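J.: There's a structure below that I have some questions on.
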Amino acid sequence: MPNKRIKICPWWMGYTLLLPTRKLFNDPFKLLSPYIKDGMAILDYGCAMGYFSIPMAKMVGKNGIVYCADIQFKMLQKLQKRAYRHNVSDNVVLLEVGFNYNPEKLFNKLDFVLLFAVVHEVSDKSELFKNIFSMLKNNGIVFFVEPEGHVKEYEFQRSLNLAINEGFIKRESRPIRNSLSAILLKETN
């Protein structure tokens, strides 16, 4: 069931997400290195200008791939330029939601999905989690994070319940400053 009218972060706010001071509390390598290995296939859903995408592309190496999905074309344009500048453009694939983002093409291909401060912007959260479940390989992981204050605890729990209803298992919570988070696992028999 779609939620109330959703507010999407304007594309120009993406520049503030790239500020170097962000590493003080959201260092991509510290947050993600326990889950990302060389050669993995990853989805950064709601990638914006690639604050996490670029470091993840470095972590997966030349044998890995990072699918970067966003609803805003201008965000993806900036990400493409940054990926080239950081020498990771060969293993970054840009997907515009509503245009060339097709979950069926990624069926059972992903090892890891990052949902960082994006689920609250998605109108059909059940569909999002259903699609992610289908795209993940068995034992695939979702790192689900929402900004505390902007997203209330009960809203985060509601989204978490939708993920569990689609088949995910909540493995743990990760303490992240000013955030609500959960590590979700796809485990099928």
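Chain lettering (A, B, ...) mirrors the order of the structure tokens, residue numbering begins at 1 for each chain separately, and ligand numbering begins at 1 in order of display.
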Quick one: everything within 10 Å of segment 137-139 of chain A, counting only C-alpha atoms, minus sequence neighbours fewer than 2 positions away in the same chain. Send it as a PyMOL selection string.

T.: chain A and resi 41+106-112+132-135+141-142+184-189

J.: Residues within 12 Å of Arg177 of chain A, please, as a PyMOL selection string. Count only C-alpha atoms; anything in the same chain fewer than 3 positions from it doesn't count.

T.: chain A and resi 22-27+31+145-149+174+180-181

J.: Take the residues from that selection and put them in a file with N, CA and C atoms, as a CSV table (one decimal), in the first residue's frame.

T.:
```csv
chain,number,residue,atom,x,y,z
A,22,ARG,N,31.4,14.6,6.5
A,22,ARG,CA,30.5,13.5,6.7
A,22,ARG,C,31.2,12.2,7.1
A,23,LYS,N,32.5,12.1,6.7
A,23,LYS,CA,33.3,10.9,7.0
A,23,LYS,C,33.5,10.8,8.6
A,24,LEU,N,33.3,11.9,9.3
A,24,LEU,CA,33.5,11.8,10.7
A,24,LEU,C,32.4,10.9,11.4
A,25,PHE,N,31.2,10.8,10.8
A,25,PHE,CA,30.2,10.0,11.4
A,25,PHE,C,29.6,8.9,10.4
A,26,ASN,N,29.9,9.0,9.1
A,26,ASN,CA,29.5,8.0,8.2
A,26,ASN,C,30.6,7.6,7.2
A,27,ASP,N,31.7,7.1,7.8
A,27,ASP,CA,32.8,6.7,7.0
A,27,ASP,C,32.4,5.4,6.2
A,31,LEU,N,31.9,1.6,7.9
A,31,LEU,CA,30.6,1.1,8.0
A,31,LEU,C,30.4,-0.2,7.2
A,145,VAL,N,19.4,1.7,6.7
A,145,VAL,CA,19.6,2.8,7.6
A,145,VAL,C,18.7,4.0,7.2
A,146,GLU,N,18.1,4.6,8.3
A,146,GLU,CA,17.3,5.7,8.1
A,146,GLU,C,17.7,6.8,9.1
A,147,PRO,N,17.6,8.1,8.7
A,147,PRO,CA,18.0,9.2,9.6
A,147,PRO,C,17.0,9.4,10.8
A,148,GLU,N,17.6,9.2,12.0
A,148,GLU,CA,16.8,9.4,13.2
A,148,GLU,C,16.3,10.8,13.3
A,149,GLY,N,15.1,11.0,13.7
A,149,GLY,CA,14.5,12.4,13.8
A,149,GLY,C,13.7,12.6,12.6
A,174,ARG,N,23.0,-2.0,13.9
A,174,ARG,CA,24.4,-1.3,13.9
A,174,ARG,C,24.2,0.1,14.5
A,180,LEU,N,18.8,5.1,12.6
A,180,LEU,CA,18.2,3.8,13.0
A,180,LEU,C,18.7,2.9,11.9
A,181,SER,N,19.1,1.7,12.3
A,181,SER,CA,19.6,0.8,11.3
A,181,SER,C,19.4,-0.7,11.7
```

J.: Enumerate the residues of segment 7-170 of chain A with a DSSP assignment of strand (DSSP E or B), computed from the backbone, and present them as a PyMOL selection string.

T.: chain A and resi 41-45+65-70+92-96+110-116+136-148+151+168-170

J.: Which of these residues is nearest to Gln80 of chain A, using only C-alpha atoms: A:Leu94, A:Val113, A:Ala48, A:Phe168?

T.: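 Comparing A:Leu94, A:Val113, A:Ala48, A:Phe168 against Gln80 of chain A, the winner is A:Leu94.
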
J.: Taking into account only C-alpha atoms, which residue in the set A:Tyr84, A:Tyr45, A:Tyr101, A:Phe73 is nearest to Leu115 of chain A?

T.: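 Looking only at the distances to Leu115 of chain A, the closest residue turns out to be A:Tyr45.
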
J.: Near Val88 of chain A, within 12 Å and counting only C-alpha atoms, which residues show up once chain neighbours fewer than 6 positions away are dropped, as a list in words?

T.: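 With the cut-off at 12 Å, the set is Gly50, Ser53, Ile54, Pro55, Met56, Ala57, Lys58, Met59, Val60, Gly61, Lys62, Asn63, Gly64, Ile65, Val66, Leu79, Gln80, Lys81 and Arg82 of chain A.
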
J.: Generate a file of the selected residues that holds N, CA and C atoms, formatted as a PDB file, in the first residue's frame.

T.:
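As a result, part07.pdb now contains:
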```
ATOM      1  N   GLY A  50      26.663   9.323  -5.118  1.00  0.00           N
ATOM      2  CA  GLY A  50      27.641   8.256  -4.951  1.00  0.00           C
ATOM      3  C   GLY A  50      28.545   8.334  -3.745  1.00  0.00           C
ATOM      4  N   SER A  53      28.659   4.810  -3.116  1.00  0.00           N
ATOM      5  CA  SER A  53      28.896   4.028  -4.332  1.00  0.00           C
ATOM      6  C   SER A  53      30.365   3.959  -4.711  1.00  0.00           C
ATOM      7  N   ILE A  54      31.043   5.091  -4.674  1.00  0.00           N
ATOM      8  CA  ILE A  54      32.453   5.136  -5.073  1.00  0.00           C
ATOM      9  C   ILE A  54      33.309   4.276  -4.139  1.00  0.00           C
ATOM     10  N   PRO A  55      33.212   4.443  -2.818  1.00  0.00           N
ATOM     11  CA  PRO A  55      33.989   3.561  -1.940  1.00  0.00           C
ATOM     12  C   PRO A  55      33.625   2.080  -2.104  1.00  0.00           C
ATOM     13  N   MET A  56      32.332   1.776  -2.316  1.00  0.00           N
ATOM     14  CA  MET A  56      31.949   0.382  -2.513  1.00  0.00           C
ATOM     15  C   MET A  56      32.559  -0.172  -3.790  1.00  0.00           C
ATOM     16  N   ALA A  57      32.632   0.648  -4.842  1.00  0.00           N
ATOM     17  CA  ALA A  57      33.252   0.205  -6.094  1.00  0.00           C
ATOM     18  C   ALA A  57      34.727  -0.109  -5.867  1.00  0.00           C
ATOM     19  N   LYS A  58      35.380   0.650  -5.016  1.00  0.00           N
ATOM     20  CA  LYS A  58      36.783   0.361  -4.675  1.00  0.00           C
ATOM     21  C   LYS A  58      36.880  -0.936  -3.880  1.00  0.00           C
ATOM     22  N   MET A  59      35.938  -1.172  -2.978  1.00  0.00           N
ATOM     23  CA  MET A  59      35.952  -2.382  -2.144  1.00  0.00           C
ATOM     24  C   MET A  59      35.718  -3.660  -2.950  1.00  0.00           C
ATOM     25  N   VAL A  60      34.855  -3.603  -3.957  1.00  0.00           N
ATOM     26  CA  VAL A  60      34.568  -4.811  -4.740  1.00  0.00           C
ATOM     27  C   VAL A  60      35.646  -5.078  -5.785  1.00  0.00           C
ATOM     28  N   GLY A  61      36.478  -4.091  -6.056  1.00  0.00           N
ATOM     29  CA  GLY A  61      37.589  -4.273  -6.981  1.00  0.00           C
ATOM     30  C   GLY A  61      37.151  -4.427  -8.423  1.00  0.00           C
ATOM     31  N   LYS A  62      38.117  -4.761  -9.261  1.00  0.00           N
ATOM     32  CA  LYS A  62      37.867  -4.872 -10.707  1.00  0.00           C
ATOM     33  C   LYS A  62      36.946  -6.028 -11.072  1.00  0.00           C
ATOM     34  N   ASN A  63      36.849  -7.033 -10.201  1.00  0.00           N
ATOM     35  CA  ASN A  63      35.991  -8.191 -10.469  1.00  0.00           C
ATOM     36  C   ASN A  63      34.574  -8.033  -9.941  1.00  0.00           C
ATOM     37  N   GLY A  64      34.315  -6.936  -9.247  1.00  0.00           N
ATOM     38  CA  GLY A  64      32.985  -6.701  -8.696  1.00  0.00           C
ATOM     39  C   GLY A  64      32.231  -5.662  -9.488  1.00  0.00           C
ATOM     40  N   ILE A  65      30.999  -5.437  -9.055  1.00  0.00           N
ATOM     41  CA  ILE A  65      30.148  -4.457  -9.737  1.00  0.00           C
ATOM     42  C   ILE A  65      29.229  -3.794  -8.720  1.00  0.00           C
ATOM     43  N   VAL A  66      29.005  -2.503  -8.905  1.00  0.00           N
ATOM     44  CA  VAL A  66      28.079  -1.752  -8.057  1.00  0.00           C
ATOM     45  C   VAL A  66      27.006  -1.156  -8.958  1.00  0.00           C
ATOM     46  N   LEU A  79      27.252  11.307 -10.333  1.00  0.00           N
ATOM     47  CA  LEU A  79      27.899  10.059  -9.926  1.00  0.00           C
ATOM     48  C   LEU A  79      28.781   9.515 -11.048  1.00  0.00           C
ATOM     49  N   GLN A  80      28.288   9.579 -12.269  1.00  0.00           N
ATOM     50  CA  GLN A  80      29.069   9.084 -13.407  1.00  0.00           C
ATOM     51  C   GLN A  80      30.399   9.838 -13.529  1.00  0.00           C
ATOM     52  N   LYS A  81      30.364  11.140 -13.386  1.00  0.00           N
ATOM     53  CA  LYS A  81      31.586  11.950 -13.449  1.00  0.00           C
ATOM     54  C   LYS A  81      32.535  11.600 -12.303  1.00  0.00           C
ATOM     55  N   ARG A  82      31.979  11.423 -11.120  1.00  0.00           N
ATOM     56  CA  ARG A  82      32.805  11.079  -9.960  1.00  0.00           C
ATOM     57  C   ARG A  82      33.424   9.693 -10.109  1.00  0.00           C
TER      58      ARG A  82
END
```

J.: For the interface of segment 64-110 of chain A with segment 123-130 of chain A (cut-off 12 Å, counting only C-alpha atoms), please tabulate each contacting residue of segment 64-110 of chain A alongside its nearest pair of atoms and their separation in Å to one decimal, rows sorted by chain and increasing number, as CSV.

T.:
```
residue,atom,partner,partner_atom,distance
A:Val97,CA,A:Leu128,CA,11.4
A:Asn102,CA,A:Leu128,CA,11.8
A:Pro103,CA,A:Leu128,CA,9.5
A:Glu104,CA,A:Lys130,CA,11.3
A:Phe107,CA,A:Lys130,CA,11.3
```

J.: Find the distance between atom CA of Ala117 of chain A and atom CA of Ala182 of chain A and write it in Å to one decimal.

T.: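 Between these atoms lies a distance of 12.2 Å.
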
J.: When you look at Cys47 of chain A with a cut-off of 9 Å (counting only C-alpha atoms), what residues show up, excluding the ones that are within fewer than 5 positions of it in the same chain? I need them as a short mmCIF file (atom, residue, chain, number, x, y, z; two decimals) with N, CA and C atoms, in the first residue's frame.

T.:
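Below is the file that was written, selection_0.cif:
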```cif
data_model
loop_
_atom_site.label_atom_id
_atom_site.label_comp_id
_atom_site.auth_asym_id
_atom_site.auth_seq_id
_atom_site.Cartn_x
_atom_site.Cartn_y
_atom_site.Cartn_z
N PHE A 52 28.46 6.68 -1.07
CA PHE A 52 28.81 5.30 -0.72
C PHE A 52 29.20 4.49 -1.95
N SER A 53 28.66 4.81 -3.12
CA SER A 53 28.90 4.03 -4.33
C SER A 53 30.37 3.96 -4.71
N CYS A 68 24.06 1.29 -9.25
CA CYS A 68 23.70 2.51 -8.55
C CYS A 68 22.36 2.99 -9.06
N ALA A 69 21.34 2.89 -8.22
CA ALA A 69 19.98 3.24 -8.63
C ALA A 69 19.51 4.50 -7.92
N ASP A 70 18.93 5.40 -8.71
CA ASP A 70 18.35 6.61 -8.15
C ASP A 70 17.22 7.06 -9.06
N MET A 75 21.39 13.33 -10.29
CA MET A 75 22.25 12.67 -9.29
C MET A 75 23.15 11.65 -10.00
N LEU A 76 22.56 10.87 -10.89
CA LEU A 76 23.32 9.85 -11.61
C LEU A 76 24.38 10.46 -12.53
N LEU A 79 27.25 11.31 -10.33
CA LEU A 79 27.90 10.06 -9.93
C LEU A 79 28.78 9.51 -11.05
N LEU A 114 22.62 -1.76 -0.24
CA LEU A 114 22.65 -0.65 0.70
C LEU A 114 21.40 0.20 0.50
N LEU A 115 20.66 0.39 1.60
CA LEU A 115 19.50 1.29 1.63
C LEU A 115 19.80 2.34 2.69
N PHE A 116 20.51 3.38 2.31
CA PHE A 116 20.95 4.38 3.28
C PHE A 116 20.13 5.65 3.10
N VAL A 118 16.94 6.19 2.41
CA VAL A 118 16.16 6.25 1.17
C VAL A 118 14.78 5.62 1.31
#
```

J.: For Ile71 of chain A, please output as a list in words all residues within 8 Å (counting only C-alpha atoms; exclusion window: fewer than 5 positions along the same chain).

T.: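 That gives Gly46, Glu96, Val97 and Gly98 of chain A.
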
J.: In Å, with one decimal, what is the gap from atom CA of Pro34 of chain A to atom CA of Glu172 of chain A?

T.: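 So the two atoms, atom CA of Pro34 of chain A and atom CA of Glu172 of chain A, lie 13.1 Å apart.
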